[in-house]
Every structure is written in structure tokens, then in C-alpha cells.
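Here's protein11.txt, which has compact mmCIF, C-alpha atoms:
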# COMPACT_ATOMS: atom_id res chain seq x y z
CA MET A 1 -8.41 -5.05 22.37
CA THR A 2 -7.88 -8.25 20.42
CA GLY A 3 -5.83 -9.47 17.52
CA ILE A 4 -3.41 -7.09 15.95
CA GLY A 5 -4.56 -4.33 18.28
CA ARG A 6 -2.41 -5.87 21.03
CA ARG A 7 0.63 -6.30 18.95
CA SER A 8 2.30 -4.39 16.21
CA VAL A 9 2.28 -5.56 12.64
CA LYS A 10 5.96 -6.34 13.15
CA ALA A 11 5.06 -8.85 15.84
CA VAL A 12 2.34 -10.34 13.67
CA ALA A 13 4.68 -10.65 10.72
CA SER A 14 7.61 -12.08 12.67
CA GLY A 15 8.66 -15.33 11.13
CA ALA A 16 7.98 -13.88 7.72
CA ALA A 17 10.94 -11.56 8.13
CA GLY A 18 10.53 -9.98 4.74
CA ALA A 19 6.88 -9.09 5.31
CA LEU A 20 7.54 -5.69 6.80
CA LEU A 21 10.20 -4.89 4.23
CA PHE A 22 7.73 -5.99 1.63
CA THR A 23 4.93 -3.83 3.01
CA ALA A 24 7.25 -0.84 2.90
CA ALA A 25 7.27 -1.34 -0.87
CA LEU A 26 3.53 -0.76 -0.87
CA VAL A 27 4.06 2.97 -0.66
CA SER A 28 3.94 3.53 -4.38
CA PRO A 29 1.35 1.17 -5.73
CA THR A 30 -1.20 1.11 -2.91
CA GLY A 31 -0.75 4.21 -0.94
CA LEU A 32 0.38 2.37 2.15
CA SER A 33 3.70 2.29 3.85
CA GLY A 34 5.05 -0.26 6.25
CA SER A 35 5.07 2.40 8.95
CA ALA A 36 1.44 3.29 8.21
CA LEU A 37 0.46 -0.35 8.62
CA ALA A 38 2.45 -0.64 11.82
CA GLN A 39 0.94 2.52 13.27
CA THR A 40 -2.65 1.61 12.52
CA ALA A 41 -2.78 -1.71 14.38
CA PRO A 42 -6.18 -2.71 13.00
CA ALA A 43 -8.48 -4.73 15.24
CA ALA A 44 -11.58 -4.89 13.05
CA SER A 45 -12.25 -6.02 9.51
CA ALA A 46 -12.97 -2.47 8.30
CA MET A 47 -9.99 -0.27 7.60
CA PRO A 48 -9.14 1.71 10.72
CA GLU A 49 -9.41 5.46 10.56
CA ALA A 50 -5.64 6.01 10.70
CA LEU A 51 -5.06 3.71 7.74
CA THR A 52 -7.87 5.33 5.79
CA ASP A 53 -6.37 8.74 6.60
CA SER A 54 -2.93 7.54 5.45
CA VAL A 55 -4.32 6.38 2.10
CA GLU A 56 -6.27 9.61 1.66
CA ILE A 57 -3.17 11.67 2.47
CA ARG A 58 -1.21 9.71 -0.12
CA ILE A 59 -3.94 10.26 -2.71
CA ALA A 60 -4.00 13.99 -1.95
CA GLU A 61 -0.20 14.15 -2.27
CA LEU A 62 -0.35 12.45 -5.67
CA HIS A 63 -3.14 14.77 -6.79
CA GLN A 64 -1.01 17.77 -5.86
CA THR A 65 2.25 16.34 -7.22
CA PHE A 66 0.68 15.51 -10.57
CA ARG A 67 -1.24 18.83 -10.59
CA ILE A 68 -4.41 17.11 -11.71
CA MET A 69 -6.61 19.28 -13.90
CA PRO A 70 -10.42 19.18 -13.77
CA SER A 71 -10.49 17.31 -17.09
CA GLN A 72 -8.31 14.58 -15.51
CA GLU A 73 -10.34 14.15 -12.32
CA ALA A 74 -12.31 11.10 -13.49
CA LEU A 75 -9.13 9.25 -14.48
CA PHE A 76 -7.42 10.21 -11.23
CA ARG A 77 -10.49 9.15 -9.22
CA ALA A 78 -10.41 5.71 -10.88
CA TYR A 79 -6.75 5.33 -9.90
CA ALA A 80 -7.44 6.55 -6.35
CA ASP A 81 -10.36 4.15 -5.94
CA ILE A 82 -8.06 1.23 -6.80
CA MET A 83 -5.54 2.51 -4.24
CA ARG A 84 -8.29 2.48 -1.60
CA SER A 85 -9.41 -1.01 -2.60
CA ASN A 86 -5.83 -2.29 -2.51
CA ALA A 87 -5.33 -0.84 0.97
CA GLN A 88 -8.45 -2.65 2.16
CA ALA A 89 -7.22 -5.94 0.72
CA ILE A 90 -3.81 -5.65 2.39
CA ASN A 91 -5.43 -4.57 5.66
CA ALA A 92 -7.71 -7.62 5.55
CA LEU A 93 -4.67 -9.90 5.33
CA PHE A 94 -3.12 -8.32 8.40
CA VAL A 95 -6.40 -8.64 10.29
CA GLN A 96 -6.63 -12.29 9.21
CA ARG A 97 -3.05 -12.90 10.35
CA ALA A 98 -3.72 -11.20 13.69
CA GLN A 99 -6.59 -13.62 14.31
CA ALA A 100 -4.54 -16.68 13.39
CA THR A 101 -3.69 -19.30 15.96
CA ASP A 102 -1.11 -21.20 13.90
CA PHE A 103 2.28 -19.53 14.20
CA THR A 104 4.37 -22.34 12.82
CA ALA A 105 6.98 -21.59 10.18
CA PRO A 106 4.90 -23.17 7.39
CA ALA A 107 1.84 -21.13 8.39
CA ARG A 108 3.89 -17.94 8.41
CA LEU A 109 5.33 -18.80 5.01
CA ARG A 110 1.84 -19.45 3.61
CA TRP A 111 0.66 -16.08 4.97
CA TYR A 112 3.65 -14.33 3.43
CA ALA A 113 2.92 -16.01 0.09
CA GLN A 114 -0.66 -14.79 0.33
CA LEU A 115 0.55 -11.26 1.14
CA THR A 116 2.96 -11.33 -1.79
CA ALA A 117 0.26 -12.57 -4.18
CA THR A 118 -2.16 -9.91 -2.96
CA HIS A 119 0.48 -7.24 -3.48
CA ALA A 120 1.18 -8.44 -7.02
CA GLU A 121 -2.53 -8.42 -7.77
CA ALA A 122 -2.80 -4.91 -6.31
CA VAL A 123 -0.02 -3.60 -8.52
CA ASN A 124 -1.56 -5.22 -11.58
CA LYS A 125 -4.91 -3.58 -10.81
CA LEU A 126 -3.21 -0.17 -10.82
CA ILE A 127 -1.54 -0.48 -14.21
CA ALA A 128 -4.50 0.20 -16.51
CA PRO A 129 -5.99 3.14 -14.58
CA PHE A 130 -2.56 4.68 -14.05
CA ASP A 131 -1.62 4.25 -17.69
CA ALA A 132 -4.86 5.97 -18.75
CA LEU A 133 -4.20 8.79 -16.28
CA TYR A 134 -0.57 9.12 -17.34
CA GLN A 135 -1.55 9.36 -21.01
CA SER A 136 -3.89 12.25 -20.14
CA LEU A 137 -1.13 14.19 -18.38
CA SER A 138 0.71 17.02 -20.04
CA PRO A 139 4.45 16.53 -20.65
CA ALA A 140 5.20 18.60 -17.52
CA GLN A 141 2.79 16.49 -15.45
CA GLN A 142 4.32 13.30 -16.83
CA GLN A 143 7.77 14.54 -15.83
CA ALA A 144 6.47 15.25 -12.32
CA ALA A 145 5.00 11.73 -12.14
CA ASP A 146 8.22 10.19 -13.44
CA ARG A 147 10.28 12.12 -10.86
CA HIS A 148 7.89 11.16 -8.09
CA PHE A 149 8.10 7.45 -8.80
CA GLU A 150 11.86 7.66 -9.29
CA GLN A 151 12.18 9.29 -5.86
CA LEU A 152 10.05 6.56 -4.31
CA GLN A 153 12.31 3.92 -5.82
CA GLN A 154 15.43 5.72 -4.55
CA ARG A 155 13.97 5.95 -1.02
CA ARG A 156 13.13 2.23 -1.00
CA MET A 157 16.60 1.36 -2.22
CA ALA A 158 18.16 3.55 0.49
CA GLN A 159 15.96 1.94 3.17
CA HIS A 160 17.09 -1.50 2.08
CA GLY A 161 20.75 -0.55 1.98
CA ARG A 162 21.22 -0.94 -1.76
Would you write out, as C-alpha cells, the structure that this file holds?
Amino acid sequence: MTGIGRRSVKAVASGAAGALLFTAALVSPTGLSGSALAQTAPAASAMPEALTDSVEIRIAELHQTFRIMPSQEALFRAYADIMRSNAQAINALFVQRAQATDFTAPARLRWYAQLTATHAEAVNKLIAPFDALYQSLSPAQQQAADRHFEQLQQRRMAQHGR
């Protein structure tokens, strides 16, 4: 096994200390968690099965939590497709980092900046499809979505000791 397959994402991200804390924040917008990334240890450019499964589980959880109705399926599918695309983009960065040979502090900082920019882009891509989906939700569904995202925020804050 080569690249990240030999080492955990934590080892790959060392030197960019905030990278793993940052990837933990990916739970909400992309469907990934820091632990999902660490567990998958991708070695190829395609998303590994475990990461794909993690994203699909997250999508299924959201579908159930929001109680998506048949009339809302197309809007939910658009949102889910962006989640999948975002997961692929983040995975590609970790694969790229695993194949890197420059582990100097400036190189690690540049990689972290790239990861941060990719995450911001991923979140921005989710806004329009989620807004359209949210507007299609009933008041009860909107409350469920609001509670869900509030709980995610509370968990992240608790994980970071805030």
C-alpha cells in the first residue's frame, strides 16, 4: 500500500495541526467527518468504498431526519449530489497530500490553505441547493432541519472544548 494507505490522515496532516479539527467540521456541509476521513485511508484517486459509504449513510440520515416527501426528492437529490462531489474534492486533497514529498512547514501550510479554500468552496456550493430544498420543506420539516444543524453545531463546539 502506498501514500495515505500506510499512514492515517492524522499523520498526513501533522504540521497543519488544525487540519483534522477542520475536517471534523465537514460533517454538516459535506457529509464527511474527520473520523470518516481518518478511517478510510484512501490510496487511490477514486473515493474509497468506506468514504463513499460514509457519505451515503450521511445522506440517508438527512433524508430520514428531514422526512423528505416524494415531491421533494429532486431538490434533495441535487443537494446530495453536491455532498458527494464535495466529498470527492476533499478526498482528492488528502490523496494529493499523501503523495507529497515536501513536508516542510511552508508546504504543509500551503496544503492547509488549499484544504481550507476547498472547504469554503464546498460550503458555498451547498447553499443554493439547500436553500431551495429548505424552502420546499413544510414548517415541521424545517424545524427538524433547524434542530439537526443546531445539534451538529453543539457537537462541534463540545468537541473543541468551547
Mind working out the centre and edge lengths of an axis-aligned box for segment 106-119 of chain A, all listed atoms inside, 8 Å added to each side, rounded to one decimal in Å and written as lines of an AutoDock Vina configuration file?
center_x = 1.6
center_y = -15.2
center_z = 2.1
size_x = 23.5
size_y = 31.9
size_z = 28.6
Point (-5.0, 10.8, -10.7), cut-off 9 Å, counting all atoms listed in the file, residues as a list in words: Ile59, Leu62, His63, Phe66, Arg67, Ile68, Gln72, Glu73, Ala74, Leu75, Phe76, Arg77, Ala78, Tyr79, Ala80, Pro129, Phe130, Leu133 and Tyr134 of chain A
Using all atoms listed in the file, which of A:Asn124, A:Thr104, A:Gln114, A:Thr65 sits nearest Asn86 of chain A?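 Closest to Asn86 of chain A, using all atoms listed in the file: A:Asn124.
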In Å, with one decimal, what is the gap from atom CA of Gln141 of chain A to atom CA of Met69 of chain A?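 Between atom CA of Gln141 of chain A and atom CA of Met69 of chain A the gap works out to 9.9 Å.
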Find the residue from A:Ser136, A:Gln151, A:Gln159, A:Ser85 that sits nearest to Pro70 of chain A; use all atoms listed in the file when measuring.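 Checking each candidate against Pro70 of chain A, we get A:Ser136 as the closest.
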Minimum-distance residue to Gln88 of chain A, chosen among A:Val55, A:Leu137, A:Ala100, A:Leu126 (using all atoms listed in the file):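 Smallest distance to Gln88 of chain A is found for A:Val55.
Picture a line from atom CA of Arg58 of chain A to atom CA of Gly161 of chain A; it runs 24.3 Å.
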For the atom pair atom CA of Ile127 of chain A and atom CA of Leu152 of chain A, what is the interatomic distance in Å to one decimal place?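 Those two atoms sit 16.8 Å apart.
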Could you pull segment 62-77 of chain A out of the structure just shown and give N, CA and C atoms as a PDB file, in the first residue's frame?
ATOM      1  N   LEU A  62     -29.891  12.292   6.607  1.00  0.00           N
ATOM      2  CA  LEU A  62     -30.543  13.575   6.340  1.00  0.00           C
ATOM      3  C   LEU A  62     -31.912  13.370   5.705  1.00  0.00           C
ATOM      4  N   HIS A  63     -31.994  12.437   4.791  1.00  0.00           N
ATOM      5  CA  HIS A  63     -33.268  12.131   4.121  1.00  0.00           C
ATOM      6  C   HIS A  63     -34.311  11.738   5.159  1.00  0.00           C
ATOM      7  N   GLN A  64     -33.901  10.901   6.089  1.00  0.00           N
ATOM      8  CA  GLN A  64     -34.817  10.445   7.142  1.00  0.00           C
ATOM      9  C   GLN A  64     -35.133  11.565   8.129  1.00  0.00           C
ATOM     10  N   THR A  65     -34.121  12.296   8.548  1.00  0.00           N
ATOM     11  CA  THR A  65     -34.314  13.381   9.513  1.00  0.00           C
ATOM     12  C   THR A  65     -35.261  14.443   8.972  1.00  0.00           C
ATOM     13  N   PHE A  66     -35.079  14.795   7.704  1.00  0.00           N
ATOM     14  CA  PHE A  66     -35.912  15.826   7.094  1.00  0.00           C
ATOM     15  C   PHE A  66     -37.266  15.275   6.636  1.00  0.00           C
ATOM     16  N   ARG A  67     -37.400  13.944   6.653  1.00  0.00           N
ATOM     17  CA  ARG A  67     -38.640  13.281   6.195  1.00  0.00           C
ATOM     18  C   ARG A  67     -39.032  13.774   4.800  1.00  0.00           C
ATOM     19  N   ILE A  68     -38.103  13.571   3.887  1.00  0.00           N
ATOM     20  CA  ILE A  68     -38.280  14.033   2.512  1.00  0.00           C
ATOM     21  C   ILE A  68     -39.476  13.340   1.860  1.00  0.00           C
ATOM     22  N   MET A  69     -40.323  14.151   1.271  1.00  0.00           N
ATOM     23  CA  MET A  69     -41.518  13.668   0.583  1.00  0.00           C
ATOM     24  C   MET A  69     -41.172  13.432  -0.896  1.00  0.00           C
ATOM     25  N   PRO A  70     -41.953  12.598  -1.569  1.00  0.00           N
ATOM     26  CA  PRO A  70     -41.671  12.338  -2.990  1.00  0.00           C
ATOM     27  C   PRO A  70     -41.569  13.624  -3.824  1.00  0.00           C
ATOM     28  N   SER A  71     -42.368  14.606  -3.524  1.00  0.00           N
ATOM     29  CA  SER A  71     -42.328  15.864  -4.280  1.00  0.00           C
ATOM     30  C   SER A  71     -41.029  16.648  -4.032  1.00  0.00           C
ATOM     31  N   GLN A  72     -40.284  16.295  -2.994  1.00  0.00           N
ATOM     32  CA  GLN A  72     -39.044  16.995  -2.646  1.00  0.00           C
ATOM     33  C   GLN A  72     -37.798  16.226  -3.078  1.00  0.00           C
ATOM     34  N   GLU A  73     -37.995  15.042  -3.636  1.00  0.00           N
ATOM     35  CA  GLU A  73     -36.867  14.172  -3.989  1.00  0.00           C
ATOM     36  C   GLU A  73     -35.867  14.840  -4.928  1.00  0.00           C
ATOM     37  N   ALA A  74     -36.336  15.518  -5.960  1.00  0.00           N
ATOM     38  CA  ALA A  74     -35.410  16.134  -6.924  1.00  0.00           C
ATOM     39  C   ALA A  74     -34.532  17.180  -6.244  1.00  0.00           C
ATOM     40  N   LEU A  75     -35.123  17.985  -5.380  1.00  0.00           N
ATOM     41  CA  LEU A  75     -34.350  19.006  -4.660  1.00  0.00           C
ATOM     42  C   LEU A  75     -33.359  18.357  -3.694  1.00  0.00           C
ATOM     43  N   PHE A  76     -33.795  17.306  -3.015  1.00  0.00           N
ATOM     44  CA  PHE A  76     -32.898  16.613  -2.092  1.00  0.00           C
ATOM     45  C   PHE A  76     -31.762  15.948  -2.869  1.00  0.00           C
ATOM     46  N   ARG A  77     -32.076  15.351  -4.012  1.00  0.00           N
ATOM     47  CA  ARG A  77     -31.065  14.682  -4.829  1.00  0.00           C
ATOM     48  C   ARG A  77     -30.003  15.688  -5.286  1.00  0.00           C
TER      49      ARG A  77
END
